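Trainee: Please read through the structure below; I'll follow up with questions.
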Amino acid sequence: MTDLPPNHHAEYRQFCGAFGYVAGLTMIAGRGRDARLVSDLAQLGPGDHVLDIGCGPGTAARRAARHGARVTGVDPAEPMLSLAQFSTRLRRQSGEIEWLCAGAEDLPLPDDSVTVCWSLASVHHWPDLDGGISEVKRVLGPGGTFIALEKRTEDGASGNASHGWTPHQATGFAAMLTGHGFESADVSDHDLGRRGVVVVTGRT
């Protein structure tokens with residue numbers, strides 16, 4: 001299992017159709033702690049433009065907007081974006097949020113247009129890691145921050161338990177960031193209640 005690349009579930013298709021809506025509903029409540037963590041790590045402020053890649057039902061995007069940031073949420077799954085838009089209207093969310101259907105490998109944003117980019121429990125689904133990292137690097141402005149958060153998994157895990165990164169895979173992803181021109185990339189571990197996560201933070 002340690003030799004699997006950090007996007008070893010790239011062909012996972014459960015986010016489409018009716019199953020996508022069911023998966024999205026579970027994420028609305030389940031990503032709150034993840035969203036708080038990445039917001040704190042990014043030290044968000046009103047001058048930030050946040051890009052949320054694989055935004056799902058929009059939990060982290062809405063938290064960023066509450067910090068006063070301008071937010072763009074992208075996801076390749078239409079059911080996720082529909083839930084994100086509906087949940088945002090339901091909560092009467094203030095702040096500027098734009099929702100776009102796109103994958104990490106083809107981000108519909110200009111060069112140097114965002115200050116913070118994050119991806120929560122999503123990078124291990126990216127079909128093309130090199131393409132996704134190149135796009136993140138392109139849209140991040142100088143001094144920008146990229147945060148990739150994944151569930152901490154163990155060697156030999158299978159099924160849903162393997163949806164995340166081992167420490168070895170997180171370290172490998174950090175090395176990919178510096179290989180694509182990021183100035184630095186650090187790995188950190190966090191315990192969020194009963195759930196452990198690993199975070200890779202890259203800076204341009």
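Quick note on naming: the chains in the structure tokens go A, B, ... in the order shown, residues restart at 1 in each chain, and ligands are numbered from 1 in order of appearance.
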Region 123-160 of chain A: which residues are helix (DSSP H, G or I) by DSSP, as a PyMOL selection string?
Mentor: chain A and resi 123-125+129-139+159-160
Trainee: Could you pull out all residues of region 20-144 of chain A with a DSSP call of strand (DSSP E) and give them as a PDB file with N, CA and C atoms, in the first residue's frame?
Mentor:
ATOM      1  N   HIS A  49      -8.544  35.682  -1.753  1.00  0.00           N
ATOM      2  CA  HIS A  49      -9.385  34.986  -2.725  1.00  0.00           C
ATOM      3  C   HIS A  49      -9.064  33.509  -2.577  1.00  0.00           C
ATOM      4  N   VAL A  50     -10.024  32.723  -2.116  1.00  0.00           N
ATOM      5  CA  VAL A  50      -9.836  31.308  -1.823  1.00  0.00           C
ATOM      6  C   VAL A  50     -10.405  30.469  -2.956  1.00  0.00           C
ATOM      7  N   LEU A  51      -9.618  29.502  -3.398  1.00  0.00           N
ATOM      8  CA  LEU A  51     -10.073  28.505  -4.356  1.00  0.00           C
ATOM      9  C   LEU A  51     -10.196  27.173  -3.635  1.00  0.00           C
ATOM     10  N   ASP A  52     -11.401  26.612  -3.620  1.00  0.00           N
ATOM     11  CA  ASP A  52     -11.675  25.322  -2.995  1.00  0.00           C
ATOM     12  C   ASP A  52     -11.846  24.281  -4.095  1.00  0.00           C
ATOM     13  N   ILE A  53     -10.834  23.422  -4.270  1.00  0.00           N
ATOM     14  CA  ILE A  53     -10.860  22.400  -5.322  1.00  0.00           C
ATOM     15  C   ILE A  53     -11.500  21.130  -4.775  1.00  0.00           C
ATOM     16  N   ARG A  70     -13.189  36.331  -0.577  1.00  0.00           N
ATOM     17  CA  ARG A  70     -13.874  35.993  -1.830  1.00  0.00           C
ATOM     18  C   ARG A  70     -13.561  34.535  -2.128  1.00  0.00           C
ATOM     19  N   VAL A  71     -14.543  33.759  -2.560  1.00  0.00           N
ATOM     20  CA  VAL A  71     -14.369  32.306  -2.669  1.00  0.00           C
ATOM     21  C   VAL A  71     -14.835  31.800  -4.030  1.00  0.00           C
ATOM     22  N   THR A  72     -14.051  30.887  -4.593  1.00  0.00           N
ATOM     23  CA  THR A  72     -14.458  30.138  -5.777  1.00  0.00           C
ATOM     24  C   THR A  72     -14.414  28.659  -5.423  1.00  0.00           C
ATOM     25  N   GLY A  73     -15.541  27.982  -5.540  1.00  0.00           N
ATOM     26  CA  GLY A  73     -15.599  26.552  -5.289  1.00  0.00           C
ATOM     27  C   GLY A  73     -15.744  25.813  -6.607  1.00  0.00           C
ATOM     28  N   VAL A  74     -14.857  24.838  -6.853  1.00  0.00           N
ATOM     29  CA  VAL A  74     -14.939  24.057  -8.089  1.00  0.00           C
ATOM     30  C   VAL A  74     -15.070  22.579  -7.741  1.00  0.00           C
ATOM     31  N   ASP A  75     -15.842  21.873  -8.535  1.00  0.00           N
ATOM     32  CA  ASP A  75     -16.005  20.436  -8.364  1.00  0.00           C
ATOM     33  C   ASP A  75     -16.424  19.855  -9.716  1.00  0.00           C
ATOM     34  N   ILE A  97     -19.395  33.963  -3.118  1.00  0.00           N
ATOM     35  CA  ILE A  97     -18.994  32.609  -3.494  1.00  0.00           C
ATOM     36  C   ILE A  97     -19.449  32.336  -4.923  1.00  0.00           C
ATOM     37  N   GLU A  98     -18.522  31.866  -5.735  1.00  0.00           N
ATOM     38  CA  GLU A  98     -18.827  31.454  -7.105  1.00  0.00           C
ATOM     39  C   GLU A  98     -18.616  29.950  -7.201  1.00  0.00           C
ATOM     40  N   TRP A  99     -19.564  29.244  -7.836  1.00  0.00           N
ATOM     41  CA  TRP A  99     -19.481  27.789  -7.980  1.00  0.00           C
ATOM     42  C   TRP A  99     -19.248  27.455  -9.451  1.00  0.00           C
ATOM     43  N   LEU A 100     -18.218  26.640  -9.726  1.00  0.00           N
ATOM     44  CA  LEU A 100     -17.883  26.301 -11.102  1.00  0.00           C
ATOM     45  C   LEU A 100     -17.673  24.791 -11.231  1.00  0.00           C
ATOM     46  N   CYS A 101     -18.136  24.233 -12.344  1.00  0.00           N
ATOM     47  CA  CYS A 101     -17.944  22.804 -12.607  1.00  0.00           C
ATOM     48  C   CYS A 101     -16.610  22.633 -13.330  1.00  0.00           C
ATOM     49  N   VAL A 114      -5.508  33.846  -7.200  1.00  0.00           N
ATOM     50  CA  VAL A 114      -5.965  33.476  -5.860  1.00  0.00           C
ATOM     51  C   VAL A 114      -4.797  33.556  -4.877  1.00  0.00           C
ATOM     52  N   THR A 115      -5.135  33.774  -3.623  1.00  0.00           N
ATOM     53  CA  THR A 115      -4.112  33.840  -2.573  1.00  0.00           C
ATOM     54  C   THR A 115      -4.029  32.550  -1.778  1.00  0.00           C
ATOM     55  N   VAL A 116      -5.145  31.838  -1.679  1.00  0.00           N
ATOM     56  CA  VAL A 116      -5.201  30.574  -0.940  1.00  0.00           C
ATOM     57  C   VAL A 116      -5.954  29.555  -1.779  1.00  0.00           C
ATOM     58  N   CYS A 117      -5.388  28.372  -1.877  1.00  0.00           N
ATOM     59  CA  CYS A 117      -6.066  27.263  -2.536  1.00  0.00           C
ATOM     60  C   CYS A 117      -6.032  26.075  -1.588  1.00  0.00           C
ATOM     61  N   TRP A 118      -7.168  25.378  -1.469  1.00  0.00           N
ATOM     62  CA  TRP A 118      -7.137  24.166  -0.657  1.00  0.00           C
ATOM     63  C   TRP A 118      -7.977  23.074  -1.313  1.00  0.00           C
ATOM     64  N   SER A 119      -7.702  21.860  -0.883  1.00  0.00           N
ATOM     65  CA  SER A 119      -8.436  20.698  -1.381  1.00  0.00           C
ATOM     66  C   SER A 119      -8.580  19.729  -0.209  1.00  0.00           C
ATOM     67  N   LEU A 120      -9.821  19.503   0.209  1.00  0.00           N
ATOM     68  CA  LEU A 120     -10.108  18.689   1.383  1.00  0.00           C
ATOM     69  C   LEU A 120     -10.585  17.306   0.955  1.00  0.00           C
ATOM     70  N   LEU A 140      -2.204  30.365  -8.298  1.00  0.00           N
ATOM     71  CA  LEU A 140      -1.767  30.986  -7.048  1.00  0.00           C
ATOM     72  C   LEU A 140      -0.825  32.150  -7.340  1.00  0.00           C
ATOM     73  N   GLY A 141      -1.055  33.264  -6.684  1.00  0.00           N
ATOM     74  CA  GLY A 141      -0.158  34.391  -6.816  1.00  0.00           C
ATOM     75  C   GLY A 141       1.094  34.202  -5.981  1.00  0.00           C
ATOM     76  N   PRO A 142       2.091  35.053  -6.171  1.00  0.00           N
ATOM     77  CA  PRO A 142       3.312  34.981  -5.362  1.00  0.00           C
ATOM     78  C   PRO A 142       2.979  35.080  -3.868  1.00  0.00           C
ATOM     79  N   GLY A 143       3.592  34.232  -3.073  1.00  0.00           N
ATOM     80  CA  GLY A 143       3.312  34.207  -1.650  1.00  0.00           C
ATOM     81  C   GLY A 143       2.029  33.487  -1.293  1.00  0.00           C
ATOM     82  N   GLY A 144       1.442  32.791  -2.271  1.00  0.00           N
ATOM     83  CA  GLY A 144       0.193  32.079  -2.030  1.00  0.00           C
ATOM     84  C   GLY A 144       0.396  30.786  -1.260  1.00  0.00           C
TER      85      GLY A 144
END
Trainee: List as a count of residues only the protein and nucleic acid residues near Arg66 (chain A), meaning an atom at most 12 Å away when only C-alpha atoms are counted, but skip any in the same chain fewer than 2 places from it.
Mentor: 26
Trainee: So, with only C-alpha atoms as the atoms that count, which of A:Gly131, A:Gly103, A:Pro76, A:Gly193 lies closest to Met176 (chain A)?
Mentor: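 Residue with the minimum atom-to-atom distance to Met176 (chain A): A:Gly131.
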Trainee: Which one is closest to Val197 (chain A): A:Gln85, A:Thr145, A:Thr166, A:Ser134? Count only C-alpha atoms.
Mentor: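 Ranking A:Gln85, A:Thr145, A:Thr166, A:Ser134 by distance to Val197 (chain A), first place goes to A:Thr166.
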Trainee: Fewer than 3 positions away in the same chain doesn't count, so skip those; otherwise give me all residues within 10 Å of Gly172 (chain A), counting only C-alpha atoms, as a PDB file with C-alpha atoms, in the first residue's frame.
Mentor:
ATOM      1  CA  ASP A   3       3.785   2.430  -3.018  1.00  0.00           C
ATOM      2  CA  PRO A   5       0.425   7.185  -5.536  1.00  0.00           C
ATOM      3  CA  PRO A   6      -1.425   9.876  -3.567  1.00  0.00           C
ATOM      4  CA  TRP A 165      -3.011   9.184   2.595  1.00  0.00           C
ATOM      5  CA  THR A 166      -0.457   7.257   4.546  1.00  0.00           C
ATOM      6  CA  PRO A 167       2.365   9.423   5.964  1.00  0.00           C
ATOM      7  CA  HIS A 168       4.557   8.090   3.147  1.00  0.00           C
ATOM      8  CA  GLN A 169       2.081   9.271   0.513  1.00  0.00           C
ATOM      9  CA  ALA A 175       7.987  16.404  -2.742  1.00  0.00           C
ATOM     10  CA  MET A 176       5.855  16.757  -5.874  1.00  0.00           C
ATOM     11  CA  LEU A 177       4.939  20.323  -4.869  1.00  0.00           C
ATOM     12  CA  VAL A 187       3.597  17.854   6.250  1.00  0.00           C
ATOM     13  CA  VAL A 200       0.460  19.144   3.200  1.00  0.00           C
TER      14      VAL A 200
END
Trainee: Go through A:Asp191, A:Ala148, A:Ser162, A:Gly156 one by one, measure the shortest atom-to-atom distance of each to Val38 (chain A) using only C-alpha atoms, and give the residue with the smallest value.
Mentor: A:Ala148
Trainee: For a test of reading the model, state the distance in Å between CA of Gly132 (chain A) and CA of Ala104 (chain A), rounded to one decimal.
Mentor: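 Result for CA of Gly132 (chain A) versus CA of Ala104 (chain A): 4.7 Å, one decimal.
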Trainee: What does the structure give for the distance between CA of His67 (chain A) and CA of His180 (chain A), in Å to one decimal?
Mentor: 29.7 Å
